[in-house]
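Engineer: Provided herewith is a single structure, encoded as structure tokens, for subsequent inquiry.
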2 protein chains.
Amino acid sequence: MTKITAWAAHEAGGSLTPFEYDPGPLGPHDVELDVLYCGICHSDLSVINNEWGFSAYPAVGGHEVVGRVREMGGEVSHLTKGQTVGLGWHAGYCNTCMSCQSGDQNLCQTAQATIVGHHGGFADRVRAQAASVIPIPDGLNPLKMGPMFCGGITVFNPLVQYNISPLSRTAVIGIGGLGHLALQFLNAWGCHVTAFTSTPEKEEEAVRMGAHATLNSRDDKALAAAAGQFDLIISTVNVTLDWNAYIGTLAPKGRLHMVGAALEPMGIGAFGLIAAQRSVSGSPVGSPATIRHMLDFAERHDIAPVVETFDMKDINVAFDHLKSGDARYRIVLKN
Amino acid sequence: MTKITAWAAHEAGGSLTPFEYDPGPLGPHDVELDVLYCGICHSDLSVINNEWGFSAYPAVGGHEVVGRVREMGGEVSHLTKGQTVGLGWHAGYCNTCMSCQSGDQNLCQTAQATIVGHHGGFADRVRAQAASVIPIPDGLNPLKMGPMFCGGITVFNPLVQYNISPLSRTAVIGIGGLGHLALQFLNAWGCHVTAFTSTPEKEEEAVRMGAHATLNSRDDKALAAAAGQFDLIISTVNVTLDWNAYIGTLAPKGRLHMVGAALEPMGIGAFGLIAAQRSVSGSPVGSPATIRHMLDFAERHDIAPVVETFDMKDINVAFDHLKSGDARYRIVLKN
């Protein structure tokens, strides 16, 4: 078995250096992929920097993988060697808990994260349970598909989970890696779409990506004027905003849905929820079935992230670009 | 037109004294009821004391009315004189907004509250728009039905709104006027029901009212041990609890639903929502159609509040009893 060559952080905040590891024998339900492309997600940085307190070192990030099936365990029969597939936040599920058996593998409380206690896709090869690896339809460009497996599914999943109606008036807070995909999905879903952004130069781009309207997310008057409008707001940011002001922009029965993990507690007023039957909720990535739906939907509607590409060997330059906040809108590394 | 004799507070926190008012001509879509019984709800006290800042004086509380139709406006044809009906938090709707036209009259942003800017049921008679007045099925005891029109519908409504499955594991925080009805509804709905209470002597009663299990709501260890269990928690309390601990007791896709208006902001951690696709939500009373469903359901399942009865003239004594916290479980005034 040849070793896998990866890029690892050896301590919190460390730069990424080449790291070889022996993946051991391939499990019967697992696959090994040759990594073709791998997106960079903000949560790679969070894990590398141990911002969430549960990182394990050496840490090999990379959970927006597009790869080619290189080896399959003896029990894997639904994939073929050479097939182009994607791998996201989860590299395996228990497959037996209530969530897994209900088709909500993404909510499995013992799911294997691809980049925590497992080595991810910043590498020449990566391993995963076959159930967590999804074939990419032929009509989609593999170069751009990596970000769909974390950023994309994270914003697509709520539309499925909450059975969002195309009649809905929706909004997206934060037009970045996740938000620019949310605009595309919501537009194709048939909804009215408003982009909340604090970056004026993104407003025009947001319209190009599917927004029917834009609002400055830091303009209190604009927020107040939008009272009672939205059936769904998806927040992709991880900073603290005036959440009650956003709740005020929700229509009766509206939902403020968090996919960006704001670390500070949200000081939600119960009255704002009760008076108009509003909800605040959150969700992580999606299940394998929902990822498959997303890819079908993306193929039908020509949805893809806007990506900037770096060679895998330039991974540290790519991370500096991510940290600058100037990435438009998602970075993909290629081998 | 004879005047209506009511019990009014003339200033925030004032005791209730007899107050006569001329209701004027009856509107074509309105009805006038002879008040038979009227429940006392905590929100009567909140309005009398102007705790929410929007009270109008003289304030006549009483929004859990059971009455007999005395007069009907010329356009009212779906009720009959002498019919026994109930009147709750809303005494009228705009009937034209999106919420009203969608059957969500309870979310009408210009609905007429029965006891704010309108005189309520602590009186010999009360007026209301006919659309807000619901006939009480013959199989239900009118003496006990007042509290269904605010306390009851407030806890019944979420089961309808969120299409709660009888497969759900549910819990109720606070076993009082609302909570003791929630236990009965959830049990009859087919759910597993846990009662959270901080009053040990209520535990046995909670079981009698439908709880399959009880938990001490102030026992941190018991809360921690209940991690990941509940699909729905209905909170009926208006005090601040450790909301994130309760969110921790929610199963994946679980919902913490507020019907008690805690005044302090809830410091909700986004991570606890995101990790397991949980929601925090709230709702007020229900629509006329949902009230009708509730009454049918209550008749079929023999559900009623446990009430203590006072004569209307002893209203101040009744309020003192409410304030003592010793009411078991809802107070009803009778004329």
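The way I read the labels, and the way they are meant: chains A, B, ... in the order of the structure tokens, residue 1 as the first residue of every chain, and ligand 1 as the first ligand shown, with later ones counted on from there.
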So that I can check the surroundings of B:Gly248, please list as an MDAnalysis selection string every protein, DNA and RNA residue that reaches within 8 Å of it, counting only C-alpha atoms and ignoring chain neighbours fewer than 6 positions away.
Structural biologist: chainID B and resid 224 227:228 272
Engineer: Mind dumping a table of every chain B residue within 10 Å of chain A, with the nearest atom pair and its distance in Å to one decimal, using only C-alpha atoms, sorted by chain and rising number, as JSON lines?
Structural biologist:
```
{"residue": "B:Met98", "atom": "CA", "partner": "A:Pro252", "partner_atom": "CA", "distance": 9.4}
{"residue": "B:Ser99", "atom": "CA", "partner": "A:Pro252", "partner_atom": "CA", "distance": 7.5}
{"residue": "B:Asp104", "atom": "CA", "partner": "A:Pro252", "partner_atom": "CA", "distance": 9.0}
{"residue": "B:Asn106", "atom": "CA", "partner": "A:Ala276", "partner_atom": "CA", "distance": 8.7}
{"residue": "B:Leu107", "atom": "CA", "partner": "A:Ala276", "partner_atom": "CA", "distance": 5.7}
{"residue": "B:Cys108", "atom": "CA", "partner": "A:Ala276", "partner_atom": "CA", "distance": 8.5}
{"residue": "B:Gln109", "atom": "CA", "partner": "A:Ala276", "partner_atom": "CA", "distance": 8.2}
{"residue": "B:Pro158", "atom": "CA", "partner": "A:Gln277", "partner_atom": "CA", "distance": 9.3}
{"residue": "B:Gln161", "atom": "CA", "partner": "A:Gln277", "partner_atom": "CA", "distance": 9.2}
{"residue": "B:Gly228", "atom": "CA", "partner": "A:Gln109", "partner_atom": "CA", "distance": 9.7}
{"residue": "B:Asn238", "atom": "CA", "partner": "A:Ala270", "partner_atom": "CA", "distance": 9.5}
{"residue": "B:Asn244", "atom": "CA", "partner": "A:Pro265", "partner_atom": "CA", "distance": 9.5}
{"residue": "B:Ala251", "atom": "CA", "partner": "A:Ser99", "partner_atom": "CA", "distance": 9.5}
{"residue": "B:Pro252", "atom": "CA", "partner": "A:Leu107", "partner_atom": "CA", "distance": 6.5}
{"residue": "B:Lys253", "atom": "CA", "partner": "A:Leu107", "partner_atom": "CA", "distance": 8.6}
{"residue": "B:Gly254", "atom": "CA", "partner": "A:Ser281", "partner_atom": "CA", "distance": 9.9}
{"residue": "B:Arg255", "atom": "CA", "partner": "A:Ser281", "partner_atom": "CA", "distance": 8.7}
{"residue": "B:Leu256", "atom": "CA", "partner": "A:Ser279", "partner_atom": "CA", "distance": 9.6}
{"residue": "B:His257", "atom": "CA", "partner": "A:Ser279", "partner_atom": "CA", "distance": 8.7}
{"residue": "B:Met258", "atom": "CA", "partner": "A:Ile274", "partner_atom": "CA", "distance": 6.8}
{"residue": "B:Val259", "atom": "CA", "partner": "A:Ile274", "partner_atom": "CA", "distance": 6.5}
{"residue": "B:Gly260", "atom": "CA", "partner": "A:Ala270", "partner_atom": "CA", "distance": 8.2}
{"residue": "B:Ala261", "atom": "CA", "partner": "A:Ala270", "partner_atom": "CA", "distance": 5.8}
{"residue": "B:Ala262", "atom": "CA", "partner": "A:Ala270", "partner_atom": "CA", "distance": 6.0}
{"residue": "B:Leu263", "atom": "CA", "partner": "A:Ala270", "partner_atom": "CA", "distance": 7.0}
{"residue": "B:Glu264", "atom": "CA", "partner": "A:Gly269", "partner_atom": "CA", "distance": 6.9}
{"residue": "B:Pro265", "atom": "CA", "partner": "A:Gly269", "partner_atom": "CA", "distance": 4.5}
{"residue": "B:Met266", "atom": "CA", "partner": "A:Ile268", "partner_atom": "CA", "distance": 4.9}
{"residue": "B:Gly267", "atom": "CA", "partner": "A:Gly267", "partner_atom": "CA", "distance": 4.5}
{"residue": "B:Ile268", "atom": "CA", "partner": "A:Met266", "partner_atom": "CA", "distance": 4.9}
{"residue": "B:Gly269", "atom": "CA", "partner": "A:Pro265", "partner_atom": "CA", "distance": 4.5}
{"residue": "B:Ala270", "atom": "CA", "partner": "A:Ala261", "partner_atom": "CA", "distance": 5.8}
{"residue": "B:Phe271", "atom": "CA", "partner": "A:Ala261", "partner_atom": "CA", "distance": 5.9}
{"residue": "B:Gly272", "atom": "CA", "partner": "A:Gly282", "partner_atom": "CA", "distance": 8.2}
{"residue": "B:Leu273", "atom": "CA", "partner": "A:Gly282", "partner_atom": "CA", "distance": 4.7}
{"residue": "B:Ile274", "atom": "CA", "partner": "A:Ser283", "partner_atom": "CA", "distance": 4.0}
{"residue": "B:Ala275", "atom": "CA", "partner": "A:Pro284", "partner_atom": "CA", "distance": 5.9}
{"residue": "B:Ala276", "atom": "CA", "partner": "A:Leu107", "partner_atom": "CA", "distance": 5.7}
{"residue": "B:Gln277", "atom": "CA", "partner": "A:Ser283", "partner_atom": "CA", "distance": 4.2}
{"residue": "B:Arg278", "atom": "CA", "partner": "A:Ser281", "partner_atom": "CA", "distance": 5.7}
{"residue": "B:Ser279", "atom": "CA", "partner": "A:Ser281", "partner_atom": "CA", "distance": 4.1}
{"residue": "B:Val280", "atom": "CA", "partner": "A:Val280", "partner_atom": "CA", "distance": 5.2}
{"residue": "B:Ser281", "atom": "CA", "partner": "A:Ser279", "partner_atom": "CA", "distance": 4.1}
{"residue": "B:Gly282", "atom": "CA", "partner": "A:Ile274", "partner_atom": "CA", "distance": 4.0}
{"residue": "B:Ser283", "atom": "CA", "partner": "A:Ile274", "partner_atom": "CA", "distance": 3.9}
{"residue": "B:Pro284", "atom": "CA", "partner": "A:Ile274", "partner_atom": "CA", "distance": 5.3}
{"residue": "B:Val285", "atom": "CA", "partner": "A:Ile274", "partner_atom": "CA", "distance": 9.2}
```
Engineer: What does the file look like for those residues with C-alpha atoms, as a CSV table (one decimal), in the first residue's frame?
Structural biologist:
```
chain,number,residue,atom,x,y,z
B,98,MET,CA,-52.7,37.7,3.6
B,99,SER,CA,-52.8,36.0,7.0
B,104,ASP,CA,-54.3,32.4,9.8
B,106,ASN,CA,-54.7,34.6,14.6
B,107,LEU,CA,-51.6,36.1,12.9
B,108,CYS,CA,-53.5,39.2,11.5
B,109,GLN,CA,-51.3,42.1,12.5
B,158,PRO,CA,-48.6,24.2,17.7
B,161,GLN,CA,-49.2,24.2,12.9
B,228,GLY,CA,-31.3,14.3,22.5
B,238,ASN,CA,-42.6,33.3,31.4
B,244,ASN,CA,-29.6,25.9,25.7
B,251,ALA,CA,-33.6,15.1,19.3
B,252,PRO,CA,-32.3,15.9,15.8
B,253,LYS,CA,-35.0,18.0,14.1
B,254,GLY,CA,-36.5,18.8,17.5
B,255,ARG,CA,-38.3,22.1,18.3
B,256,LEU,CA,-38.4,24.2,21.4
B,257,HIS,CA,-41.7,26.1,21.1
B,258,MET,CA,-42.4,29.1,23.3
B,259,VAL,CA,-46.0,30.0,24.2
B,260,GLY,CA,-45.0,31.6,27.4
B,261,ALA,CA,-43.6,35.1,26.8
B,262,ALA,CA,-40.2,35.1,28.6
B,263,LEU,CA,-39.3,38.8,28.7
B,264,GLU,CA,-35.5,38.4,28.8
B,265,PRO,CA,-33.8,37.7,25.5
B,266,MET,CA,-33.0,34.0,25.1
B,267,GLY,CA,-29.2,33.5,24.7
B,268,ILE,CA,-29.5,30.8,22.1
B,269,GLY,CA,-26.3,29.2,20.8
B,270,ALA,CA,-26.4,28.8,17.0
B,271,PHE,CA,-24.2,25.7,17.2
B,272,GLY,CA,-26.9,23.8,19.2
B,273,LEU,CA,-29.4,24.5,16.5
B,274,ILE,CA,-27.1,23.8,13.5
B,275,ALA,CA,-25.6,20.5,14.8
B,276,ALA,CA,-28.9,18.7,14.9
B,277,GLN,CA,-31.2,20.8,12.8
B,278,ARG,CA,-33.2,22.1,15.7
B,279,SER,CA,-35.6,25.0,15.9
B,280,VAL,CA,-36.8,27.6,18.4
B,281,SER,CA,-40.2,29.0,17.7
B,282,GLY,CA,-43.2,30.7,19.2
B,283,SER,CA,-46.8,31.2,18.5
B,284,PRO,CA,-49.8,33.0,19.9
B,285,VAL,CA,-53.4,31.7,20.1
```
Engineer: As JSON, numbers by chain, which residues of stretch 55-214 of chain A does DSSP assign to helix (DSSP H, G or I)?
Structural biologist: {"A": [98, 99, 100, 101, 105, 106, 107, 130, 131, 132, 142, 143, 144, 145, 146, 147, 148, 149, 151, 152, 153, 154, 155, 156, 157, 158, 159, 160, 161, 179, 180, 181, 182, 183, 184, 185, 186, 187, 188, 202, 203, 204, 205, 206, 207, 208]}
Engineer: For a quick check of understanding, using only C-alpha atoms, which of A:Ala327, A:Met145, A:Ile115, A:Val65 has the smallest distance to A:Ile175?
Structural biologist: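 Comparing A:Ala327, A:Met145, A:Ile115, A:Val65 against A:Ile175, the winner is A:Ala327.
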Engineer: Closest to B:Val66 among B:Pro28, B:Pro18, B:Gly120, B:Gly92, using only C-alpha atoms?
Structural biologist: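 Smallest distance to B:Val66 is found for B:Gly120.
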Engineer: Report the distance between atom CA of A:Glu308 and atom CA of A:Gly176 in Å, rounded to one decimal place.
Structural biologist: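 Atom-to-atom, atom CA of A:Glu308 to atom CA of A:Gly176, that is 12.8 Å.
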Engineer: Take atom CA of A:Ala12 and atom CA of A:Val133 and report the distance between them in Å, one decimal.
Structural biologist: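 Taking atom CA of A:Ala12 as the start and atom CA of A:Val133 as the end point, the length is 28.5 Å.
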Engineer: Quick one: residues within 12 Å of B:Ala182, only C-alpha atoms, excluding same-chain residues fewer than 5 positions away - as JSON, numbers by chain?
Structural biologist: {"B": [148, 151, 152, 153, 154, 155, 156, 157, 158, 159, 170, 171, 172, 173, 174, 175, 176, 177, 187, 188, 189, 191, 193, 194, 195, 196, 206, 209, 210, 211, 232, 233, 234, 235, 236, 259, 294, 298, 303, 304, 305]}
Engineer: Considering only C-alpha atoms, can you say which of A:Ala91, A:Ile331, A:Ala128, A:Leu140 comes closest to A:Asp302?
Structural biologist: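 Smallest separation from A:Asp302 among the options: A:Leu140.
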Engineer: Could you write out, as number ranges by chain, all the residues of stretch 144-249 of chain A that DSSP marks as strand (DSSP E or B)?
Structural biologist: A: 169-173, 192-197, 213-216, 230-235
Engineer: Save out the residues we just selected, N, CA and C atoms, as a PDB file, in the first residue's frame.
Structural biologist:
```
ATOM      1  N   ARG A 169     -41.055  34.415  -0.245  1.00  0.00           N
ATOM      2  CA  ARG A 169     -40.115  35.532  -0.348  1.00  0.00           C
ATOM      3  C   ARG A 169     -38.947  35.173   0.569  1.00  0.00           C
ATOM      4  N   THR A 170     -37.762  35.105  -0.012  1.00  0.00           N
ATOM      5  CA  THR A 170     -36.603  34.613   0.729  1.00  0.00           C
ATOM      6  C   THR A 170     -35.488  35.655   0.733  1.00  0.00           C
ATOM      7  N   ALA A 171     -34.555  35.477   1.646  1.00  0.00           N
ATOM      8  CA  ALA A 171     -33.395  36.363   1.703  1.00  0.00           C
ATOM      9  C   ALA A 171     -32.182  35.570   2.151  1.00  0.00           C
ATOM     10  N   VAL A 172     -31.024  36.067   1.771  1.00  0.00           N
ATOM     11  CA  VAL A 172     -29.761  35.441   2.125  1.00  0.00           C
ATOM     12  C   VAL A 172     -28.889  36.508   2.775  1.00  0.00           C
ATOM     13  N   ILE A 173     -28.389  36.200   3.976  1.00  0.00           N
ATOM     14  CA  ILE A 173     -27.463  37.121   4.642  1.00  0.00           C
ATOM     15  C   ILE A 173     -26.044  36.639   4.377  1.00  0.00           C
ATOM     16  N   HIS A 192     -38.889  34.451  -4.624  1.00  0.00           N
ATOM     17  CA  HIS A 192     -38.362  35.810  -4.680  1.00  0.00           C
ATOM     18  C   HIS A 192     -37.144  35.854  -3.757  1.00  0.00           C
ATOM     19  N   VAL A 193     -36.053  36.459  -4.229  1.00  0.00           N
ATOM     20  CA  VAL A 193     -34.772  36.377  -3.527  1.00  0.00           C
ATOM     21  C   VAL A 193     -34.206  37.769  -3.260  1.00  0.00           C
ATOM     22  N   THR A 194     -33.911  38.037  -1.995  1.00  0.00           N
ATOM     23  CA  THR A 194     -33.229  39.279  -1.616  1.00  0.00           C
ATOM     24  C   THR A 194     -31.857  38.935  -1.059  1.00  0.00           C
ATOM     25  N   ALA A 195     -30.842  39.664  -1.501  1.00  0.00           N
ATOM     26  CA  ALA A 195     -29.483  39.473  -0.981  1.00  0.00           C
ATOM     27  C   ALA A 195     -29.181  40.557   0.045  1.00  0.00           C
ATOM     28  N   PHE A 196     -28.846  40.142   1.282  1.00  0.00           N
ATOM     29  CA  PHE A 196     -28.346  41.065   2.299  1.00  0.00           C
ATOM     30  C   PHE A 196     -26.819  41.044   2.231  1.00  0.00           C
ATOM     31  N   THR A 197     -26.221  42.171   1.961  1.00  0.00           N
ATOM     32  CA  THR A 197     -24.763  42.211   1.961  1.00  0.00           C
ATOM     33  C   THR A 197     -24.295  43.555   2.489  1.00  0.00           C
ATOM     34  N   ALA A 213     -33.571  41.511  -5.456  1.00  0.00           N
ATOM     35  CA  ALA A 213     -33.399  42.761  -4.722  1.00  0.00           C
ATOM     36  C   ALA A 213     -32.182  42.612  -3.816  1.00  0.00           C
ATOM     37  N   THR A 214     -31.604  43.730  -3.424  1.00  0.00           N
ATOM     38  CA  THR A 214     -30.490  43.703  -2.473  1.00  0.00           C
ATOM     39  C   THR A 214     -30.782  44.691  -1.352  1.00  0.00           C
ATOM     40  N   LEU A 215     -30.244  44.377  -0.181  1.00  0.00           N
ATOM     41  CA  LEU A 215     -30.390  45.254   0.985  1.00  0.00           C
ATOM     42  C   LEU A 215     -29.048  45.288   1.703  1.00  0.00           C
ATOM     43  N   ASN A 216     -28.695  46.456   2.200  1.00  0.00           N
ATOM     44  CA  ASN A 216     -27.470  46.581   2.967  1.00  0.00           C
ATOM     45  C   ASN A 216     -27.703  46.027   4.374  1.00  0.00           C
ATOM     46  N   PHE A 230     -40.229  38.497   4.851  1.00  0.00           N
ATOM     47  CA  PHE A 230     -39.590  37.272   4.365  1.00  0.00           C
ATOM     48  C   PHE A 230     -40.152  36.009   5.008  1.00  0.00           C
ATOM     49  N   ASP A 231     -40.371  35.019   4.179  1.00  0.00           N
ATOM     50  CA  ASP A 231     -40.788  33.709   4.680  1.00  0.00           C
ATOM     51  C   ASP A 231     -39.587  32.894   5.145  1.00  0.00           C
ATOM     52  N   LEU A 232     -38.447  33.148   4.549  1.00  0.00           N
ATOM     53  CA  LEU A 232     -37.224  32.416   4.894  1.00  0.00           C
ATOM     54  C   LEU A 232     -36.033  33.340   4.727  1.00  0.00           C
ATOM     55  N   ILE A 233     -35.215  33.421   5.778  1.00  0.00           N
ATOM     56  CA  ILE A 233     -33.910  34.078   5.661  1.00  0.00           C
ATOM     57  C   ILE A 233     -32.863  33.026   5.981  1.00  0.00           C
ATOM     58  N   ILE A 234     -31.905  32.848   5.102  1.00  0.00           N
ATOM     59  CA  ILE A 234     -30.779  31.947   5.372  1.00  0.00           C
ATOM     60  C   ILE A 234     -29.582  32.820   5.725  1.00  0.00           C
ATOM     61  N   SER A 235     -29.058  32.647   6.932  1.00  0.00           N
ATOM     62  CA  SER A 235     -27.887  33.416   7.333  1.00  0.00           C
ATOM     63  C   SER A 235     -26.637  32.563   7.186  1.00  0.00           C
TER      64      SER A 235
END
```
Engineer: Could you tell me how far atom CA of A:Gly117 sits from atom CA of A:Ala9, in Å to one decimal place?
Structural biologist: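 According to the coordinates, atom CA of A:Ala9 and atom CA of A:Gly117 are separated by 13.1 Å.
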Engineer: Using only C-alpha atoms, which residue out of B:Ile291, B:Leu16, B:Cys150, B:Leu186 lies closest to B:Asn49?
Structural biologist: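 Comparing B:Ile291, B:Leu16, B:Cys150, B:Leu186 against B:Asn49, the winner is B:Leu16.
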